[in-house]
There are 2 protein chains.
Amino acid sequence: MSGEVNIKRLALELNISIATVSKALNDSHEISLKTKNRVWDLAKALNYTPNPAASNLRSNKTKTIAVIIPCVANNFFSLSIKGIEEVARQYGYHVLIYQTHEDTEMERSFTNSLLNGRVDGILTSVSSNEYNNEYYQNLVKKIPLVFFDRVYENIDTFTVTTDDYEISFNATEHLIESGCKKIAYLYGLEKLPAGRARFSGYKDAMNAHGLEVAEHLIVNYIDDDELNLQNIKKLFNENQPDAVFSSLEEFIIPAYTACQELKLNIPDDVKLLSFSNLSSAKLLNPSLTTITQPAFEIGNEAAKCLFKILNKKGIGDDQNIVLKSMLIKRASTGG
Amino acid sequence: MSGEVNIKRLALELNISIATVSKALNDSHEISLKTKNRVWDLAKALNYTPNPAASNLRSNKTKTIAVIIPCVANNFFSLSIKGIEEVARQYGYHVLIYQTHEDTEMERSFTNSLLNGRVDGILTSVSSNEYNNEYYQNLVKKIPLVFFDRVYENIDTFTVTTDDYEISFNATEHLIESGCKKIAYLYGLEKLPAGRARFSGYKDAMNAHGLEVAEHLIVNYIDDDELNLQNIKKLFNENQPDAVFSSLEEFIIPAYTACQELKLNIPDDVKLLSFSNLSSAKLLNPSLTTITQPAFEIGNEAAKCLFKILNKKGIGDDQNIVLKSMLIKRASTGG
DNA sequence: CTGTTAGCGCATTCAG
DNA sequence: CTGAATGCGCTAACAG
């Protein structure tokens, strides 16, 4: 009964036409205030809400956006979603979530499934297993899309990123200034601009201080915790770095485990520093020095960009927004 | 151009009727294989995908479910979402996310906005600021709904919870067995069944071992980090508990901070134990003993329940599913 | 096996 | 200012 309230019902009860009800509900200027009030009152009384499917079909708008990310169970992405959701709510939009599990195939499959009008726009942070921006060059012509954090370059749309290069440079300098000379680098996201920028920051800082960036000090991230641990232990055993800089939150965990297993003292034997958004950083041992990206603000900003496009505003603005990360110094680096 | 592919276009190009195309696409038994193949081939060639709004309007099905939770940026809930999303994908469903920020008003506002057919069903974990199940008693008659983790009782629908009472009892015993006698309790979610069950487990274990549950050993959680910290410091200063059992991940952080500020040694001066889903538990100091709920499995199970309802199966099954938590013993409790 | 017809709920012409 | 008529894209009842 109460689920069956539509404009037809309102029109019947008020003895006016469906069209008039529709216009009144949309606050059209061609309807008298008196009629509008009658409609609004009854709508409220009957708990009327427009059927979204019908509106969507008619208007080609869904009031829905999609977020496509590698994984929600991740400190960074879950905080980003929080930022996105907050802006969406302000605009009266709904938020669909899709997880790619770092798989470009799945990413495209999701994205393609959204091109038939299911959503008005997409926010995406791309998968790490591939870099190929051709797909997106065509895509952005078909649907409003904003990249955040993990972006493709040279695509005609908004991107929201952080100062990966600068913060990595600064973080590396911080290690050097605290006395480190053999700084190992745990390299993740090496196919994506963010990963490469982080590595460049590290490399350039090393070079700027006359330190060697040796091949054997670099460990590449792979999707296997056990192998990562082994590789890091090998790094420690064969090369005795005096610091480890991880470009990925997931990558510092095996490093920490390796320290425990090899009885390495932090920060005396080895200093640790990592990109990380651990929400409970206060519980960390030994208070890991971190590079923390403003995840919430990134989500916030990305969503705002998308609504700019959806509302056809802000064309001509700078399309590449760069937010600042923070270097939070702790005991692990003598900071 | 390619965005304009609909069944009308397919029908025109193939010189058959719109209805035939529709039936062929839905693999109806009343269409010849030959015709189906012609339709499928062209649909594929033109990259046809059905317009969801039109389908929804006609069929009253959206292939979409909603997840309403307090916050995504939370280890437990983000993992739950992962479990939900995985099941939804298997069923070809889309997932909408709504965050209530622990506000029952907002929770109801979101929920009400979903009653007009925007989604086929709802998964929800209720807000902590109120306990009032009247609203939901009516709601479950209007839309398929499954509660997970934070549930209301005596409502005719599925719930997916964990063994809060038993695991709290066991955890408390673990503390007692490791020599503790003055075990403080950090009390969260006190208005919800989960929170009360945790507290009962603690209380009953204390009593079972002849230990007093003193009023001054209980600290209630409030939504203010600074005040929580002060209250815990006061607890330490005035009552010198030899253990602290936190019923909430967020609540152990100020406890840990208090230990640092008061120079209390863990686990020698005080033992710490907490409900927690910290994904990077390996980084914790001093390896906090935790009660870890199977967050992913809870999401998984809850989603499966919802699809049971949606597919009209499993009526008569037990409606209250209880999953087992794990007590992960670490150095902080001498475990 | 295929086609004709009607209508889901809403918004937008265009007439009056 | 109000109403009658049309169609968004799709599905389903019914006819052939």
# chains A, B, ... in the order shown; residues from 1 in each chain; ligands from 1
call {"tool": "residues_around", "arguments": {"residues": "DT2 in chain D", "least_positions_apart": "3", "cutoff": "8 Å", "atoms": "only C-alpha atoms (C1' of nucleotides)", "output": "ChimeraX atom specification"}}
result
/A:17,20,31
call {"tool": "write_last_selection", "arguments": {"atoms": "N, CA and C atoms", "output": "PDB file, in the first residue's frame"}}
result
ATOM      1  N   SER A  17      -3.952  16.939 -12.453  1.00  0.00           N
ATOM      2  CA  SER A  17      -3.318  16.046 -13.429  1.00  0.00           C
ATOM      3  C   SER A  17      -1.937  15.595 -12.971  1.00  0.00           C
ATOM      4  N   THR A  20       0.789  18.170 -13.551  1.00  0.00           N
ATOM      5  CA  THR A  20       0.836  19.236 -12.554  1.00  0.00           C
ATOM      6  C   THR A  20       1.569  18.767 -11.298  1.00  0.00           C
ATOM      7  N   ILE A  31       3.742  26.613 -11.705  1.00  0.00           N
ATOM      8  CA  ILE A  31       2.693  26.092 -10.832  1.00  0.00           C
ATOM      9  C   ILE A  31       2.469  27.074  -9.678  1.00  0.00           C
TER      10      ILE A  31
END
call {"tool": "interface_residues", "arguments": {"of": "chain A", "to": "chain C", "cutoff": "8 Å", "atoms": "only C-alpha atoms (C1' of nucleotides)", "output": "list in words"}}
result
Asn6, Ile7, Ala19, Ser22, Asn51, Ala54, Ser55, Arg58 and Ser59 of chain A
call {"tool": "atom_distance", "arguments": {"atom1": "CA of Ile218 in chain A", "atom2": "CA of Leu235 in chain A"}}
result
8.5 Å
call {"tool": "interface_residues", "arguments": {"of": "chain B", "to": "chain A", "cutoff": "6 Å", "atoms": "only C-alpha atoms", "output": "MDAnalysis selection string"}}
result
chainID B and resid 51 53:54 56:57 72:73 78:79 95:97 116 283:285
call {"tool": "atom_distance", "arguments": {"atom1": "CA of Lys23 in chain B", "atom2": "C1' of DA13 in chain D"}}
result
13.3 Å
call {"tool": "select_by_dssp", "arguments": {"residues": "range 117-225 of chain A", "states": "strand (DSSP E or B)", "output": "JSON, numbers by chain"}}
result
{"A": [121, 122, 123, 124, 145, 146, 147, 148, 159, 160, 161, 162, 183, 184, 185, 186, 187, 218, 219, 220]}
call {"tool": "write_last_selection", "arguments": {"atoms": "all heavy atoms", "output": "compact mmCIF listing (two decimals), in the first residue's frame"}}
result
# COMPACT_ATOMS: atom_id res chain seq x y z
N GLY A 121 29.11 9.10 -13.20
CA GLY A 121 30.54 9.35 -13.27
C GLY A 121 31.31 8.33 -12.45
O GLY A 121 30.72 7.58 -11.68
N ILE A 122 32.62 8.34 -12.66
CA ILE A 122 33.46 7.32 -12.03
C ILE A 122 34.67 7.97 -11.36
O ILE A 122 35.29 8.88 -11.92
CB ILE A 122 33.95 6.29 -13.08
CG1 ILE A 122 32.76 5.57 -13.72
CG2 ILE A 122 34.91 5.29 -12.46
CD1 ILE A 122 33.16 4.60 -14.83
N LEU A 123 35.00 7.47 -10.17
CA LEU A 123 36.25 7.82 -9.51
C LEU A 123 37.09 6.56 -9.48
O LEU A 123 36.59 5.50 -9.07
CB LEU A 123 35.99 8.28 -8.08
CG LEU A 123 35.28 9.61 -7.94
CD1 LEU A 123 34.79 9.80 -6.51
CD2 LEU A 123 36.22 10.73 -8.32
N THR A 124 38.34 6.65 -9.91
CA THR A 124 39.11 5.41 -9.97
C THR A 124 40.56 5.60 -9.55
O THR A 124 41.16 6.66 -9.73
CB THR A 124 39.02 4.79 -11.37
OG1 THR A 124 39.54 3.48 -11.35
CG2 THR A 124 39.76 5.60 -12.39
N LEU A 145 35.12 11.02 -15.62
CA LEU A 145 35.98 10.15 -14.81
C LEU A 145 37.09 10.97 -14.18
O LEU A 145 37.67 11.83 -14.82
CB LEU A 145 36.55 9.06 -15.70
CG LEU A 145 37.43 8.00 -15.05
CD1 LEU A 145 37.13 6.62 -15.65
CD2 LEU A 145 38.90 8.32 -15.23
N VAL A 146 37.36 10.70 -12.91
CA VAL A 146 38.46 11.37 -12.21
C VAL A 146 39.37 10.30 -11.62
O VAL A 146 38.88 9.34 -11.00
CB VAL A 146 37.93 12.29 -11.09
CG1 VAL A 146 39.07 12.81 -10.22
CG2 VAL A 146 37.15 13.46 -11.68
N PHE A 147 40.66 10.45 -11.84
CA PHE A 147 41.64 9.55 -11.24
C PHE A 147 42.08 10.10 -9.89
O PHE A 147 42.27 11.32 -9.76
CB PHE A 147 42.89 9.45 -12.11
CG PHE A 147 42.70 8.72 -13.39
CD1 PHE A 147 42.54 9.42 -14.58
CD2 PHE A 147 42.69 7.33 -13.44
CE1 PHE A 147 42.38 8.74 -15.78
CE2 PHE A 147 42.53 6.65 -14.63
CZ PHE A 147 42.37 7.36 -15.80
N PHE A 148 42.28 9.23 -8.92
CA PHE A 148 42.89 9.70 -7.67
C PHE A 148 43.99 8.75 -7.22
O PHE A 148 43.87 7.54 -7.35
CB PHE A 148 41.85 9.94 -6.58
CG PHE A 148 41.17 8.72 -6.04
CD1 PHE A 148 41.63 8.12 -4.87
CD2 PHE A 148 40.09 8.18 -6.68
CE1 PHE A 148 40.99 7.00 -4.35
CE2 PHE A 148 39.44 7.06 -6.18
CZ PHE A 148 39.89 6.47 -5.03
N THR A 159 42.99 14.74 -12.34
CA THR A 159 43.69 13.77 -11.49
C THR A 159 43.94 14.42 -10.13
O THR A 159 44.20 15.62 -10.05
CB THR A 159 45.04 13.33 -12.07
OG1 THR A 159 45.92 14.46 -12.12
CG2 THR A 159 44.90 12.74 -13.46
N VAL A 160 43.83 13.61 -9.08
CA VAL A 160 44.17 14.08 -7.74
C VAL A 160 45.27 13.18 -7.21
O VAL A 160 45.08 11.97 -7.05
CB VAL A 160 42.94 14.04 -6.81
CG1 VAL A 160 43.33 14.52 -5.42
CG2 VAL A 160 41.82 14.89 -7.37
N THR A 161 46.44 13.76 -7.00
CA THR A 161 47.58 12.95 -6.56
C THR A 161 48.27 13.62 -5.38
O THR A 161 47.81 14.66 -4.90
CB THR A 161 48.61 12.80 -7.70
OG1 THR A 161 48.93 14.11 -8.18
CG2 THR A 161 48.03 11.96 -8.83
N THR A 162 49.35 13.02 -4.93
CA THR A 162 50.14 13.65 -3.87
C THR A 162 51.57 13.87 -4.37
O THR A 162 51.95 13.40 -5.44
CB THR A 162 50.18 12.78 -2.60
OG1 THR A 162 50.53 11.46 -2.96
CG2 THR A 162 48.83 12.78 -1.91
N ILE A 183 70.99 2.92 2.26
CA ILE A 183 69.54 2.92 2.43
C ILE A 183 68.90 2.02 1.38
O ILE A 183 68.96 2.31 0.18
CB ILE A 183 68.99 4.35 2.30
CG1 ILE A 183 69.67 5.26 3.34
CG2 ILE A 183 67.47 4.36 2.46
CD1 ILE A 183 69.30 6.73 3.21
N ALA A 184 68.32 0.92 1.85
CA ALA A 184 67.64 0.01 0.92
C ALA A 184 66.28 0.58 0.56
O ALA A 184 65.69 1.37 1.31
CB ALA A 184 67.48 -1.36 1.56
N TYR A 185 65.78 0.16 -0.61
CA TYR A 185 64.48 0.67 -1.06
C TYR A 185 63.56 -0.49 -1.40
O TYR A 185 63.90 -1.35 -2.22
CB TYR A 185 64.67 1.57 -2.29
CG TYR A 185 63.41 2.31 -2.69
CD1 TYR A 185 63.03 3.49 -2.05
CD2 TYR A 185 62.58 1.82 -3.70
CE1 TYR A 185 61.88 4.17 -2.41
CE2 TYR A 185 61.41 2.49 -4.07
CZ TYR A 185 61.07 3.67 -3.42
OH TYR A 185 59.93 4.33 -3.77
N LEU A 186 62.41 -0.53 -0.75
CA LEU A 186 61.41 -1.54 -1.06
C LEU A 186 60.46 -0.94 -2.09
O LEU A 186 59.68 -0.04 -1.78
CB LEU A 186 60.66 -1.96 0.21
CG LEU A 186 61.54 -2.44 1.36
CD1 LEU A 186 60.70 -3.00 2.50
CD2 LEU A 186 62.55 -3.48 0.90
N TYR A 187 60.54 -1.46 -3.30
CA TYR A 187 59.94 -0.81 -4.46
C TYR A 187 58.59 -1.43 -4.79
O TYR A 187 58.50 -2.59 -5.20
CB TYR A 187 60.92 -0.97 -5.64
CG TYR A 187 60.71 -0.04 -6.80
CD1 TYR A 187 61.68 0.03 -7.82
CD2 TYR A 187 59.59 0.76 -6.92
CE1 TYR A 187 61.53 0.87 -8.90
CE2 TYR A 187 59.44 1.61 -8.00
CZ TYR A 187 60.39 1.66 -8.98
OH TYR A 187 60.24 2.50 -10.06
N ILE A 218 67.82 -2.60 -3.81
CA ILE A 218 66.42 -2.44 -4.23
C ILE A 218 65.73 -3.81 -4.20
O ILE A 218 66.21 -4.78 -4.78
CB ILE A 218 66.33 -1.92 -5.68
CG1 ILE A 218 67.35 -0.82 -5.94
CG2 ILE A 218 64.90 -1.50 -6.02
CD1 ILE A 218 67.10 0.44 -5.22
N VAL A 219 64.59 -3.87 -3.52
CA VAL A 219 63.79 -5.10 -3.52
C VAL A 219 62.43 -4.78 -4.12
O VAL A 219 61.77 -3.83 -3.71
CB VAL A 219 63.60 -5.65 -2.09
CG1 VAL A 219 62.79 -6.94 -2.11
CG2 VAL A 219 64.94 -5.87 -1.41
N ASN A 220 62.03 -5.57 -5.09
CA ASN A 220 60.74 -5.32 -5.73
C ASN A 220 59.62 -6.08 -5.03
O ASN A 220 59.76 -7.25 -4.68
CB ASN A 220 60.79 -5.74 -7.21
CG ASN A 220 61.53 -4.71 -8.04
OD1 ASN A 220 61.05 -3.60 -8.25
ND2 ASN A 220 62.73 -5.08 -8.49
call {"tool": "closest_atom_pairs", "arguments": {"of": "chain D", "to": "chain A", "cutoff": "12 Å", "atoms": "only C-alpha atoms (C1' of nucleotides)", "output": "tab-separated table"}}
result
residue	atom	partner	partner_atom	distance
D:DC1	C1'	A:Ile31	CA	6.0
D:DT2	C1'	A:Thr20	CA	6.6
D:DG3	C1'	A:Ser17	CA	5.9
D:DA4	C1'	A:Ser17	CA	8.8
D:DA5	C1'	A:Ala19	CA	10.4
D:DG7	C1'	A:Arg58	CA	8.8
D:DC8	C1'	A:Arg58	CA	4.9
D:DG9	C1'	A:Leu57	CA	7.6
D:DC10	C1'	A:Leu57	CA	10.3
call {"tool": "residues_around", "arguments": {"residues": "Asn228 in chain A", "least_positions_apart": "5", "cutoff": "8 Å", "atoms": "only C-alpha atoms (C1' of nucleotides)", "output": "list in words"}}
result
Tyr221, Ile222, Phe251 and Pro254 of chain A
call {"tool": "write_last_selection", "arguments": {"atoms": "N, CA, C and O atoms", "output": "tab-separated table (two decimals), in the first residue's frame"}}
result
chain	number	residue	atom	x	y	z
A	221	TYR	N	58.51	-5.39	-4.89
A	221	TYR	CA	57.35	-6.00	-4.23
A	221	TYR	C	56.72	-7.03	-5.14
A	221	TYR	O	56.55	-6.82	-6.33
A	222	ILE	N	56.38	-8.18	-4.55
A	222	ILE	CA	55.58	-9.16	-5.28
A	222	ILE	C	54.39	-9.57	-4.43
A	222	ILE	O	54.40	-9.36	-3.21
A	251	PHE	N	54.50	-3.37	2.45
A	251	PHE	CA	55.87	-3.87	2.27
A	251	PHE	C	56.72	-3.68	3.52
A	251	PHE	O	57.76	-4.31	3.68
A	254	PRO	N	56.68	-7.20	6.23
A	254	PRO	CA	57.72	-8.24	6.19
A	254	PRO	C	59.10	-7.71	6.59
A	254	PRO	O	59.90	-8.45	7.16
call {"tool": "decode", "arguments": {"residues": "chain C", "atoms": "N, CA, C and O atoms (P, O5', C5', C4', C3', O3' and C1' of nucleotides)", "output": "compact mmCIF listing (two decimals), in the first residue's frame"}}
result
# COMPACT_ATOMS: atom_id res chain seq x y z
P DC C 1 11.49 -23.86 -31.60
O5' DC C 1 11.03 -22.39 -31.97
C5' DC C 1 11.54 -21.78 -33.10
C4' DC C 1 10.50 -20.78 -33.53
C3' DC C 1 10.86 -19.32 -33.27
O3' DC C 1 11.35 -18.79 -34.47
C1' DC C 1 8.53 -19.79 -32.98
P DT C 2 12.10 -17.44 -34.52
O5' DT C 2 10.93 -16.36 -34.50
C5' DT C 2 10.24 -16.09 -35.71
C4' DT C 2 9.09 -15.16 -35.42
C3' DT C 2 9.48 -13.76 -34.98
O3' DT C 2 9.18 -12.88 -36.06
C1' DT C 2 7.59 -14.60 -33.79
P DG C 3 9.50 -11.32 -35.94
O5' DG C 3 8.08 -10.73 -35.54
C5' DG C 3 6.96 -11.04 -36.35
C4' DG C 3 5.69 -10.43 -35.77
C3' DG C 3 5.82 -8.95 -35.42
O3' DG C 3 4.63 -8.31 -35.84
C1' DG C 3 5.08 -10.17 -33.52
P DT C 4 4.54 -6.72 -35.93
O5' DT C 4 3.14 -6.39 -35.24
C5' DT C 4 2.22 -7.44 -34.99
C4' DT C 4 1.26 -7.03 -33.88
C3' DT C 4 1.22 -5.54 -33.56
O3' DT C 4 -0.14 -5.17 -33.36
C1' DT C 4 1.68 -6.77 -31.59
P DT C 5 -0.56 -3.66 -33.12
O5' DT C 5 -0.63 -3.65 -31.52
C5' DT C 5 -1.45 -4.61 -30.86
C4' DT C 5 -1.33 -4.45 -29.36
C3' DT C 5 -1.33 -2.99 -28.89
O3' DT C 5 -2.36 -2.86 -27.93
C1' DT C 5 0.43 -4.21 -27.85
P DA C 6 -2.78 -1.44 -27.36
O5' DA C 6 -2.35 -1.57 -25.83
C5' DA C 6 -2.52 -2.83 -25.17
C4' DA C 6 -1.73 -2.82 -23.87
C3' DA C 6 -1.71 -1.45 -23.17
O3' DA C 6 -1.92 -1.69 -21.79
C1' DA C 6 0.49 -2.21 -23.48
P DG C 7 -2.38 -0.48 -20.87
O5' DG C 7 -1.13 -0.33 -19.90
C5' DG C 7 -0.66 -1.46 -19.19
C4' DG C 7 0.72 -1.16 -18.66
C3' DG C 7 0.86 0.26 -18.06
O3' DG C 7 1.51 0.14 -16.81
C1' DG C 7 2.58 -0.14 -19.57
P DC C 8 1.24 1.14 -15.65
O5' DC C 8 2.50 0.95 -14.72
C5' DC C 8 2.98 -0.34 -14.36
C4' DC C 8 4.49 -0.27 -14.20
C3' DC C 8 4.97 1.06 -13.67
O3' DC C 8 5.12 0.98 -12.25
C1' DC C 8 6.31 0.30 -15.54
P DG C 9 4.28 1.93 -11.30
O5' DG C 9 5.09 3.30 -11.41
C5' DG C 9 6.42 3.36 -10.92
C4' DG C 9 7.01 4.69 -11.34
C3' DG C 9 6.20 5.90 -10.91
O3' DG C 9 7.10 6.77 -10.23
C1' DG C 9 6.70 6.00 -13.22
P DC C 10 6.75 8.22 -9.80
O5' DC C 10 7.38 9.07 -10.99
C5' DC C 10 8.79 8.97 -11.22
C4' DC C 10 9.12 9.65 -12.52
C3' DC C 10 8.83 11.14 -12.55
O3' DC C 10 10.08 11.82 -12.54
C1' DC C 10 8.16 10.05 -14.56
P DA C 11 10.13 13.41 -12.39
O5' DA C 11 10.19 13.93 -13.90
C5' DA C 11 11.30 13.54 -14.67
C4' DA C 11 11.16 14.11 -16.07
C3' DA C 11 10.96 15.62 -16.14
O3' DA C 11 11.60 16.03 -17.33
C1' DA C 11 9.16 14.59 -17.17
P DT C 12 12.16 17.50 -17.48
O5' DT C 12 11.75 17.90 -18.97
C5' DT C 12 11.87 16.91 -20.01
C4' DT C 12 10.78 17.06 -21.01
C3' DT C 12 10.44 18.50 -21.42
O3' DT C 12 10.58 18.60 -22.81
C1' DT C 12 8.48 17.25 -21.04
P DT C 13 10.93 20.04 -23.48
O5' DT C 13 9.56 20.89 -23.50
C5' DT C 13 9.01 21.38 -24.71
C4' DT C 13 8.34 20.28 -25.50
C3' DT C 13 7.22 20.82 -26.36
O3' DT C 13 7.60 20.79 -27.73
C1' DT C 13 6.46 19.03 -24.91
P DC C 14 7.18 21.85 -28.79
O5' DC C 14 5.59 21.87 -28.63
C5' DC C 14 4.85 20.70 -28.96
C4' DC C 14 3.44 20.84 -28.42
C3' DC C 14 2.77 22.17 -28.78
O3' DC C 14 1.56 21.88 -29.45
C1' DC C 14 2.44 21.63 -26.49
P DA C 15 0.90 23.05 -30.40
O5' DA C 15 -0.60 22.98 -29.88
C5' DA C 15 -0.76 22.74 -28.52
C4' DA C 15 -2.15 22.30 -28.15
C3' DA C 15 -3.23 23.36 -28.37
O3' DA C 15 -4.50 22.74 -28.35
C1' DA C 15 -2.56 23.27 -26.06
P DG C 16 -5.79 23.67 -28.70
O5' DG C 16 -6.18 24.35 -27.31
C5' DG C 16 -7.04 23.66 -26.43
C4' DG C 16 -6.96 24.30 -25.07
C3' DG C 16 -7.69 25.64 -24.94
O3' DG C 16 -8.85 25.44 -24.13
C1' DG C 16 -5.64 25.58 -23.75
